[in-house]
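Shown next: start_35.cif, containing mmCIF, C-alpha atoms and all ligand atoms.
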data_upload
loop_
_atom_site.label_atom_id
_atom_site.label_comp_id
_atom_site.auth_asym_id
_atom_site.auth_seq_id
_atom_site.Cartn_x
_atom_site.Cartn_y
_atom_site.Cartn_z
CA MET A 687 23.49 -19.97 6.80
CA THR A 688 21.26 -16.89 7.15
CA LYS A 689 20.51 -15.22 3.80
CA ILE A 690 18.14 -12.28 4.01
CA LEU A 691 15.93 -10.61 1.41
CA VAL A 692 14.66 -7.13 2.37
CA SER A 693 11.70 -6.02 0.24
CA GLY A 694 11.14 -2.27 -0.13
CA GLY A 695 14.60 -2.00 1.39
CA CYS A 696 15.55 1.40 -0.08
CA GLY A 697 12.81 3.23 1.88
CA GLN A 698 13.02 4.99 5.25
CA ILE A 699 13.43 1.84 7.36
CA GLY A 700 15.40 -0.30 4.91
CA THR A 701 18.06 2.39 4.49
CA ASP A 702 18.88 1.99 8.19
CA LEU A 703 18.03 -1.71 8.55
CA VAL A 704 20.12 -3.07 5.65
CA PRO A 705 23.51 -1.75 6.92
CA GLU A 706 22.78 -3.22 10.37
CA LEU A 707 21.90 -6.60 8.85
CA GLN A 708 25.04 -6.40 6.67
CA LYS A 709 27.16 -5.76 9.79
CA LYS A 710 25.60 -8.70 11.58
CA TYR A 711 25.36 -11.33 8.84
CA GLY A 712 27.88 -10.15 6.19
CA LYS A 713 27.27 -7.89 3.21
CA GLU A 714 27.16 -10.84 0.80
CA ASN A 715 24.21 -12.33 2.71
CA ILE A 716 21.80 -9.38 2.46
CA ILE A 717 19.80 -8.84 -0.74
CA THR A 718 17.85 -5.61 -1.02
CA ASN A 719 14.79 -5.22 -3.23
CA ASP A 720 12.96 -2.08 -4.28
CA LEU A 721 11.00 -0.76 -7.25
CA ARG A 722 13.68 1.70 -8.35
CA GLU A 723 17.44 1.73 -8.10
CA PRO A 724 18.59 4.36 -5.55
CA GLU A 725 21.26 6.94 -6.48
CA SER A 726 23.81 5.02 -4.48
CA TRP A 727 23.68 1.71 -2.61
CA ASP A 728 26.32 -0.36 -0.89
CA GLY A 729 25.24 -3.99 -1.27
CA ILE A 730 23.40 -6.48 -3.47
CA LEU A 731 20.28 -5.07 -5.16
CA GLU A 732 17.41 -6.87 -6.90
CA ILE A 733 15.19 -4.24 -8.50
CA PHE A 734 11.67 -5.49 -9.31
CA ASP A 735 8.03 -5.15 -8.28
CA PHE A 736 7.44 -7.39 -5.24
CA GLN A 737 3.91 -8.01 -6.51
CA ASP A 738 5.54 -10.24 -9.15
CA VAL A 739 5.44 -13.50 -7.19
CA GLU A 740 7.36 -15.47 -9.84
CA LYS A 741 10.22 -13.00 -9.63
CA VAL A 742 10.19 -13.15 -5.81
CA GLU A 743 10.43 -16.95 -6.02
CA GLU A 744 13.23 -16.74 -8.59
CA VAL A 745 15.23 -14.42 -6.28
CA ILE A 746 14.62 -16.70 -3.26
CA LYS A 747 16.02 -19.64 -5.23
CA LYS A 748 18.88 -17.68 -6.82
CA HIS A 749 20.22 -16.44 -3.45
CA ASN A 750 19.10 -19.38 -1.23
CA ILE A 751 17.09 -16.97 0.92
CA THR A 752 16.20 -18.14 4.45
CA VAL A 753 14.68 -14.93 5.91
CA ILE A 754 12.54 -12.12 4.46
CA TYR A 755 12.10 -8.69 6.02
CA HIS A 756 9.02 -7.64 4.06
CA LEU A 757 8.95 -3.83 4.12
CA ALA A 758 7.50 -3.06 0.65
CA CYS A 759 4.30 -1.17 1.30
CA ILE A 760 2.19 1.89 0.55
CA LEU A 761 1.95 4.03 3.71
CA SER A 762 -0.99 5.73 5.43
CA ALA A 763 -1.22 9.24 3.95
CA ALA A 764 -0.04 8.14 0.48
CA GLY A 765 -2.49 5.21 0.64
CA GLU A 766 -5.55 7.41 1.12
CA LYS A 767 -4.95 8.84 -2.37
CA ILE A 768 -4.86 5.34 -3.94
CA PRO A 769 -6.82 3.09 -1.55
CA TYR A 770 -7.46 0.17 -3.93
CA LYS A 771 -3.84 0.04 -5.06
CA THR A 772 -2.86 0.14 -1.36
CA TRP A 773 -5.03 -2.91 -0.66
CA GLU A 774 -3.58 -4.73 -3.68
CA VAL A 775 0.09 -3.99 -2.97
CA ASN A 776 0.01 -4.42 0.81
CA MET A 777 -2.15 -7.55 0.93
CA GLN A 778 -1.01 -9.36 -2.20
CA THR A 779 2.69 -9.04 -1.42
CA LEU A 780 2.17 -10.23 2.17
CA ARG A 781 0.15 -13.25 1.08
CA ASN A 782 2.77 -14.14 -1.52
CA VAL A 783 5.52 -13.86 1.09
CA LEU A 784 3.61 -16.10 3.52
CA ASP A 785 2.90 -18.71 0.79
CA LEU A 786 6.58 -18.73 -0.17
CA ALA A 787 7.48 -19.03 3.53
CA VAL A 788 5.44 -22.26 3.64
CA LYS A 789 7.09 -23.57 0.46
CA TYR A 790 10.71 -22.67 1.34
CA ASN A 791 10.51 -22.76 5.16
CA LEU A 792 11.38 -19.06 5.44
CA LYS A 793 11.39 -16.93 8.59
CA ILE A 794 9.48 -13.67 8.10
CA PHE A 795 9.58 -10.19 9.64
CA TRP A 796 6.63 -8.02 8.64
CA PRO A 797 5.97 -4.66 10.28
CA SER A 798 2.51 -3.65 11.36
CA SER A 799 1.71 -0.16 12.67
CA ILE A 800 -0.22 1.88 15.22
CA ALA A 801 -2.54 2.44 12.22
CA VAL A 802 -4.30 -0.83 13.16
CA PHE A 803 -6.06 1.18 15.86
CA GLY A 804 -8.95 3.53 15.18
CA PRO A 805 -11.14 6.18 16.78
CA SER A 806 -12.95 3.61 18.96
CA THR A 807 -9.65 2.39 20.50
CA PRO A 808 -8.68 3.74 23.96
CA ARG A 809 -6.14 6.47 23.08
CA ASP A 810 -3.94 6.47 26.17
CA LYS A 811 -1.67 3.54 27.00
CA THR A 812 -3.45 1.59 24.28
CA PRO A 813 -3.38 -2.09 25.33
CA GLN A 814 -2.05 -4.96 23.22
CA ASP A 815 -5.54 -6.42 22.81
CA THR A 816 -8.28 -3.86 22.39
CA VAL A 817 -10.88 -2.56 19.96
CA MET A 818 -9.36 -2.23 16.49
CA GLU A 819 -11.47 -0.46 13.89
CA PRO A 820 -8.96 1.30 11.60
CA THR A 821 -10.35 3.98 9.29
CA THR A 822 -7.54 4.22 6.71
CA MET A 823 -6.99 1.66 3.95
CA TYR A 824 -3.40 1.35 5.20
CA GLY A 825 -4.66 0.54 8.72
CA ILE A 826 -7.13 -1.97 7.30
CA THR A 827 -4.32 -3.74 5.40
CA LYS A 828 -2.20 -3.79 8.56
CA ARG A 829 -5.02 -5.28 10.67
CA ALA A 830 -5.91 -7.84 8.00
CA GLY A 831 -2.18 -8.53 7.58
CA GLU A 832 -1.80 -9.22 11.29
CA MET A 833 -4.64 -11.74 11.15
CA LEU A 834 -3.10 -13.36 8.05
CA CYS A 835 0.29 -13.72 9.80
CA ASN A 836 -1.40 -15.31 12.81
CA TYR A 837 -3.34 -17.66 10.48
CA TYR A 838 -0.21 -18.82 8.61
CA HIS A 839 1.57 -19.37 11.92
CA LYS A 840 -1.26 -21.43 13.42
CA LYS A 841 -2.18 -23.36 10.25
CA PHE A 842 1.19 -23.87 8.56
CA GLY A 843 3.68 -23.21 11.37
CA VAL A 844 5.25 -20.19 9.61
CA ASP A 845 7.72 -18.41 11.91
CA VAL A 846 6.41 -14.92 11.23
CA ARG A 847 7.13 -12.10 13.67
CA SER A 848 5.83 -8.57 13.78
CA VAL A 849 5.76 -5.29 15.70
CA ARG A 850 3.36 -2.39 15.48
CA TYR A 851 5.88 0.37 14.84
CA PRO A 852 4.95 3.83 16.10
CA GLY A 853 6.03 6.87 14.03
CA LEU A 854 9.70 6.45 13.13
CA ILE A 855 12.20 9.29 13.15
CA SER A 856 15.41 9.08 11.15
CA TYR A 857 17.80 11.21 9.12
CA LYS A 858 19.27 8.92 6.41
CA GLN A 859 16.20 8.67 4.18
CA GLU A 860 13.20 10.98 4.14
CA PRO A 861 9.90 9.30 5.08
CA GLY A 862 7.62 7.86 2.42
CA GLY A 863 4.15 9.38 2.94
CA GLY A 864 3.11 8.54 6.49
CA THR A 865 1.04 10.50 9.01
CA THR A 866 3.98 11.02 11.39
CA ASP A 867 6.26 12.56 8.72
CA TYR A 868 5.95 16.04 10.36
CA ALA A 869 8.17 14.81 13.20
CA VAL A 870 10.99 14.39 10.66
CA GLU A 871 10.16 17.34 8.37
CA ILE A 872 10.53 19.85 11.23
CA PHE A 873 14.26 19.04 11.39
CA TYR A 874 14.81 19.45 7.63
CA ASP A 875 13.00 22.79 7.42
CA SER A 876 14.42 24.28 10.62
CA LEU A 877 18.00 23.41 9.64
CA LYS A 878 17.48 24.92 6.18
CA GLY A 879 16.22 28.11 7.88
CA LYS A 880 12.74 27.63 6.37
CA PRO A 881 9.54 28.33 8.33
CA PHE A 882 7.97 24.95 9.19
CA SER A 883 4.36 24.35 8.26
CA CYS A 884 3.10 21.53 10.51
CA PHE A 885 0.27 19.46 9.00
CA VAL A 886 -1.15 18.52 12.42
CA GLY A 887 -2.21 20.82 15.26
CA PRO A 888 0.05 21.69 18.25
CA GLU A 889 -1.69 19.33 20.67
CA THR A 890 -1.55 16.27 18.41
CA THR A 891 0.26 13.59 20.39
CA LEU A 892 1.46 10.33 18.87
CA PRO A 893 3.77 7.49 19.90
CA MET A 894 7.21 7.75 18.27
CA MET A 895 10.57 6.02 18.14
CA TYR A 896 14.06 6.89 16.98
CA MET A 897 15.11 4.65 14.08
CA ASP A 898 18.06 2.97 15.86
CA ASP A 899 15.66 1.69 18.51
CA ALA A 900 13.25 0.43 15.83
CA ILE A 901 16.01 -1.44 13.97
CA ARG A 902 17.30 -2.97 17.20
CA ALA A 903 13.75 -4.02 18.16
CA SER A 904 13.22 -5.71 14.79
CA ILE A 905 16.50 -7.64 14.89
CA GLU A 906 16.06 -8.59 18.57
CA LEU A 907 12.54 -9.85 17.86
CA MET A 908 13.85 -11.96 14.96
CA GLU A 909 16.64 -13.40 17.13
CA ALA A 910 14.50 -14.20 20.17
CA PRO A 911 13.85 -17.90 20.83
CA ALA A 912 10.64 -19.00 19.08
CA GLU A 913 9.05 -20.11 22.37
CA SER A 914 9.22 -16.58 23.80
CA ILE A 915 7.23 -15.17 20.87
CA LYS A 916 3.68 -15.69 22.12
CA ILE A 917 1.99 -13.11 19.89
CA ARG A 918 1.86 -13.89 16.17
CA THR A 919 -0.41 -11.04 15.14
CA SER A 920 1.89 -8.16 16.11
CA TYR A 921 3.45 -6.70 19.26
CA ASN A 922 2.68 -3.21 20.56
CA LEU A 923 5.97 -1.30 20.64
CA THR A 924 6.88 2.19 21.77
CA ALA A 925 9.63 4.47 23.04
CA MET A 926 8.14 7.95 23.63
CA SER A 927 5.03 10.06 23.06
CA PHE A 928 5.06 13.81 22.48
CA SER A 929 2.83 16.49 21.05
CA ALA A 930 3.80 18.57 18.00
CA GLU A 931 4.20 21.53 20.35
CA GLU A 932 6.52 19.62 22.70
CA LEU A 933 8.64 18.68 19.69
CA GLU A 934 8.70 22.33 18.59
CA ARG A 935 9.92 23.37 22.08
CA GLU A 936 12.66 20.75 22.05
CA VAL A 937 13.90 21.75 18.56
CA ARG A 938 13.83 25.45 19.57
CA LYS A 939 16.36 24.71 22.35
CA HIS A 940 18.87 24.02 19.53
CA ILE A 941 17.52 26.40 16.86
CA PRO A 942 16.10 29.49 18.65
CA ALA A 943 15.08 31.12 15.33
CA LEU A 944 12.69 28.22 14.54
CA GLN A 945 9.37 29.38 13.06
CA VAL A 946 6.39 27.03 13.15
CA ALA A 947 2.88 27.53 11.76
CA TYR A 948 0.21 24.92 12.41
CA ASN A 949 -1.83 24.19 9.27
CA PRO A 950 -3.69 20.91 9.86
CA ASP A 951 -4.71 19.15 6.65
CA LYS A 952 -6.39 15.80 5.86
CA ARG A 953 -3.71 13.96 7.82
CA GLN A 954 -5.02 15.50 11.08
CA LYS A 955 -8.01 13.19 10.91
CA ILE A 956 -5.78 10.15 10.56
CA ALA A 957 -3.59 11.31 13.48
CA ASP A 958 -6.70 11.86 15.62
CA SER A 959 -7.78 8.27 15.01
CA TRP A 960 -4.49 6.84 16.34
CA PRO A 961 -3.32 6.27 19.94
CA ALA A 962 -1.51 9.00 21.88
CA SER A 963 0.53 6.43 23.81
CA ILE A 964 1.03 2.68 23.73
CA ASP A 965 1.31 -0.05 26.35
CA ASP A 966 4.08 -2.35 25.13
CA THR A 967 4.43 -4.45 28.30
CA LYS A 968 4.11 -7.74 26.37
CA ALA A 969 7.11 -6.93 24.14
CA ARG A 970 9.13 -5.91 27.21
CA GLU A 971 8.17 -9.05 29.17
CA GLU A 972 8.23 -11.68 26.43
CA TRP A 973 11.36 -10.83 24.42
CA GLY A 974 13.05 -8.18 26.52
CA TRP A 975 12.31 -5.01 24.54
CA GLN A 976 13.86 -1.83 26.01
CA HIS A 977 14.05 1.52 24.24
CA LYS A 978 17.13 3.73 24.64
CA VAL A 979 16.38 7.07 22.98
CA ASP A 980 14.01 9.71 24.41
CA LEU A 981 12.80 13.06 22.98
CA PRO A 982 15.78 15.25 24.03
CA GLU A 983 18.33 12.72 22.82
CA MET A 984 16.50 12.04 19.54
CA THR A 985 16.32 15.80 18.87
CA LYS A 986 20.04 16.24 19.47
CA ILE A 987 20.96 13.28 17.23
CA MET A 988 18.68 14.46 14.40
CA ILE A 989 20.12 17.98 14.46
CA ASP A 990 23.75 16.85 14.65
CA GLU A 991 23.38 14.22 11.94
CA LEU A 992 21.35 16.38 9.54
CA LYS A 993 23.84 19.24 9.93
CA ARG A 994 26.59 16.81 8.99
CA LYS A 995 24.52 15.53 6.03
CA PHE A 996 23.78 19.04 4.71
CA ASP A 997 27.43 20.11 5.18
CA GLY A 998 28.47 17.07 3.13
CA GLU A 999 26.07 18.07 0.33
CA ASN A 1000 27.52 21.61 0.07
N1 LIG B 1101 8.19 4.74 8.78
C1 LIG B 1101 7.28 4.63 9.74
O1 LIG B 1101 7.10 5.55 10.55
C2 LIG B 1101 6.49 3.35 9.87
C3 LIG B 1101 5.60 3.23 10.95
C4 LIG B 1101 4.84 2.07 11.07
C5 LIG B 1101 5.03 1.02 10.16
N2 LIG B 1101 5.92 1.15 9.13
C6 LIG B 1101 6.03 0.02 8.19
O2 LIG B 1101 7.36 -0.29 7.87
C7 LIG B 1101 7.46 -0.72 6.50
C8 LIG B 1101 8.48 0.11 5.76
O3 LIG B 1101 8.13 1.47 5.90
P1 LIG B 1101 9.06 2.68 5.41
O4 LIG B 1101 8.79 3.80 6.33
O5 LIG B 1101 10.44 2.24 5.16
O6 LIG B 1101 8.30 3.00 4.04
P2 LIG B 1101 8.87 3.77 2.75
O7 LIG B 1101 7.70 4.22 1.95
O8 LIG B 1101 9.92 4.75 3.14
O9 LIG B 1101 9.58 2.55 2.02
C9 LIG B 1101 8.86 1.51 1.41
C10 LIG B 1101 9.63 1.10 0.18
O10 LIG B 1101 8.88 0.09 -0.47
C11 LIG B 1101 9.03 0.28 -1.87
N3 LIG B 1101 7.91 -0.37 -2.53
C12 LIG B 1101 6.61 -0.01 -2.56
N4 LIG B 1101 5.90 -0.87 -3.31
C13 LIG B 1101 6.78 -1.82 -3.74
C14 LIG B 1101 6.66 -2.96 -4.56
N5 LIG B 1101 5.49 -3.32 -5.08
N6 LIG B 1101 7.78 -3.70 -4.81
C15 LIG B 1101 8.98 -3.36 -4.29
N7 LIG B 1101 9.15 -2.25 -3.52
C16 LIG B 1101 8.06 -1.51 -3.26
C17 LIG B 1101 9.04 1.79 -2.05
O11 LIG B 1101 9.66 2.14 -3.28
C18 LIG B 1101 9.82 2.25 -0.82
O12 LIG B 1101 11.21 2.41 -1.10
C19 LIG B 1101 6.05 -0.64 5.94
O13 LIG B 1101 5.44 -1.89 6.04
C20 LIG B 1101 5.37 0.35 6.87
O14 LIG B 1101 4.00 0.11 6.93
C21 LIG B 1101 6.64 2.30 8.97
#
Rewrite the structure from the file as C-alpha cells, please.
Amino acid sequence: MTKILVSGGCGQIGTDLVPELQKKYGKENIITNDLREPESWDGILEIFDFQDVEKVEEVIKKHNITVIYHLACILSAAGEKIPYKTWEVNMQTLRNVLDLAVKYNLKIFWPSSIAVFGPSTPRDKTPQDTVMEPTTMYGITKRAGEMLCNYYHKKFGVDVRSVRYPGLISYKQEPGGGTTDYAVEIFYDSLKGKPFSCFVGPETTLPMMYMDDAIRASIELMEAPAESIKIRTSYNLTAMSFSAEELEREVRKHIPALQVAYNPDKRQKIADSWPASIDDTKAREEWGWQHKVDLPEMTKIMIDELKRKFDGEN
C-alpha cells in the first residue's frame, strides 16, 4: 500500500499537493511534515525539523512510509541571505532522504528548479542538457542535488524522480521567498487596491506554471512506468513564459485601475541569470507531459479564486 510522507508540506507547493495526494491515495495515507504547525490543516501532521535524520527514520517506521515527496527547502531569494544554512538544509536533508530510500526501499520525488541554470546557459528554449553554472546558493544545491539523485539511482537503484519546476503561481499559500514571487504578489496587491511594486524590471521574462499543472506533472511523473523515466537528474518542465509587463497587461484586463511601479532589487540579478524559456521536449516525449493552463487562463483563475478567498476572510 502507498503511504506518503511530504516534507515541507505546508509551504506553497505542499498546500496544493497534499489534498491531491489525499484524494488519490486516501487521507489516512498521507503524512505531512513541516517545521511549524499551520493555523489549520486537514490531515495527519508530523511537525519536526527534517534535518533530524533520526526523527525522519522514526516517522518512516511509525507510518510504514513507501514514498517521500521531499519539498523541505530554503528557496532562492531567501537563501541568498543565509547561504551556508541553505547549503546545510537543502543538501543534508536530501542526502538523508536518499540514504533512507536505500535502507527502506522508498520511492522519492524531489523537485529541482530552473535555478540550476546560470548566466552562461542559453536563455531561450534552454535545452535539457546544457551549460549549468548557477550563481545562487539555492541553484548550487539544486544542481548538486540533481547529481546526487542520479548517483543514488545508478549506484543503489533508488527510484528517485525529479522535475525542474519553473516559477509556480498559486493562490492557496503565499510563496516562500523565491525569485518568481512577483508573479503571485501582483494579484494580491491589485485585488487589495494597493499599488504594486514589482521587484524585477518590465522586460524580465521567466518560465512559469500554474500550480495545478505542476501538481499534475509531479504525480504523473511519479506514476509513470520506471522504464520511461530515462533522466534521473531532473527533467526540464514548462508551461508558459511571459515578461512582467505582459503579466501586468493581462491583469489590467480584469482590474483596469491596476498601478504598477518597477523597482528592481537584488532579485533582478538572480532573474537575469535564469532562462527566459525552457525546452521540455524530453518530459513530453518520455512520460507524456502536457500543460493545460496558459497566461490568460491562469490570470482569470488567480483573480477569481483570490476574490473568493478575500471575501471569505471578511
Ligand atoms: N514555488 C516555486 O516556484 C518553486 C520553483 C522551483 C522549485 N521549487 C521547489 O519546490 C520545493 C517546495 O517549494 P515551495 O515553493 O513549496 O517552498 P516553500 O518555502 O513555500 O515551502 C517549503 C516548506 O519547507 C519548510 N521547511 C524548510 N526547512 C525545513 C526543515 N528543515 N524541516 C521541515 N520543513 C522545512 C518550510 O517551513 C516551508 O513550509 C522546494 O524544493 C523548491 O526548491 C519551488
When you look at Thr812 in chain A with a cut-off of 7 Å (counting all atoms listed in the file), what residues show up, excluding the ones that are within fewer than 6 positions of it in the same chain? I need them as a PDB file with C-alpha atoms, in the frame of the given file.
ATOM      1  CA  PRO A 961      -3.320   6.270  19.940  1.00  0.00           C
ATOM      2  CA  SER A 963       0.530   6.430  23.810  1.00  0.00           C
ATOM      3  CA  ILE A 964       1.030   2.680  23.730  1.00  0.00           C
ATOM      4  CA  ASP A 965       1.310  -0.050  26.350  1.00  0.00           C
TER       5      ASP A 965
END
Within 9 Å of Tyr755 in chain A, counting all atoms listed in the file, which residues qualify if same-chain residues fewer than 6 places away don't, as a ChimeraX atom specification? /A:690-695,793-797
Record the distance separating CA of Asp899 in chain A and CA of Gln976 in chain A, expressed in Å with one decimal.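 Taking CA of Asp899 in chain A and CA of Gln976 in chain A, their separation equals 8.5 Å.
Considering all atoms listed in the file, the residue among A:Thr807, A:Thr752, A:Thr772, A:Ser929 positioned nearest to ligand LIG 1101 (chain B) is A:Thr772.
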Would you mind listing the residues within 8 Å of ligand LIG 1101 (chain B), counting all atoms listed in the file, as a PyMOL selection string? chain A and resi 693-701+719-722+733-737+756-762+775-776+779+796-801+824+828+850-855+859-867
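CA of Tyr896 in chain A is positioned 21.3 Å from CA of Lys878 in chain A.
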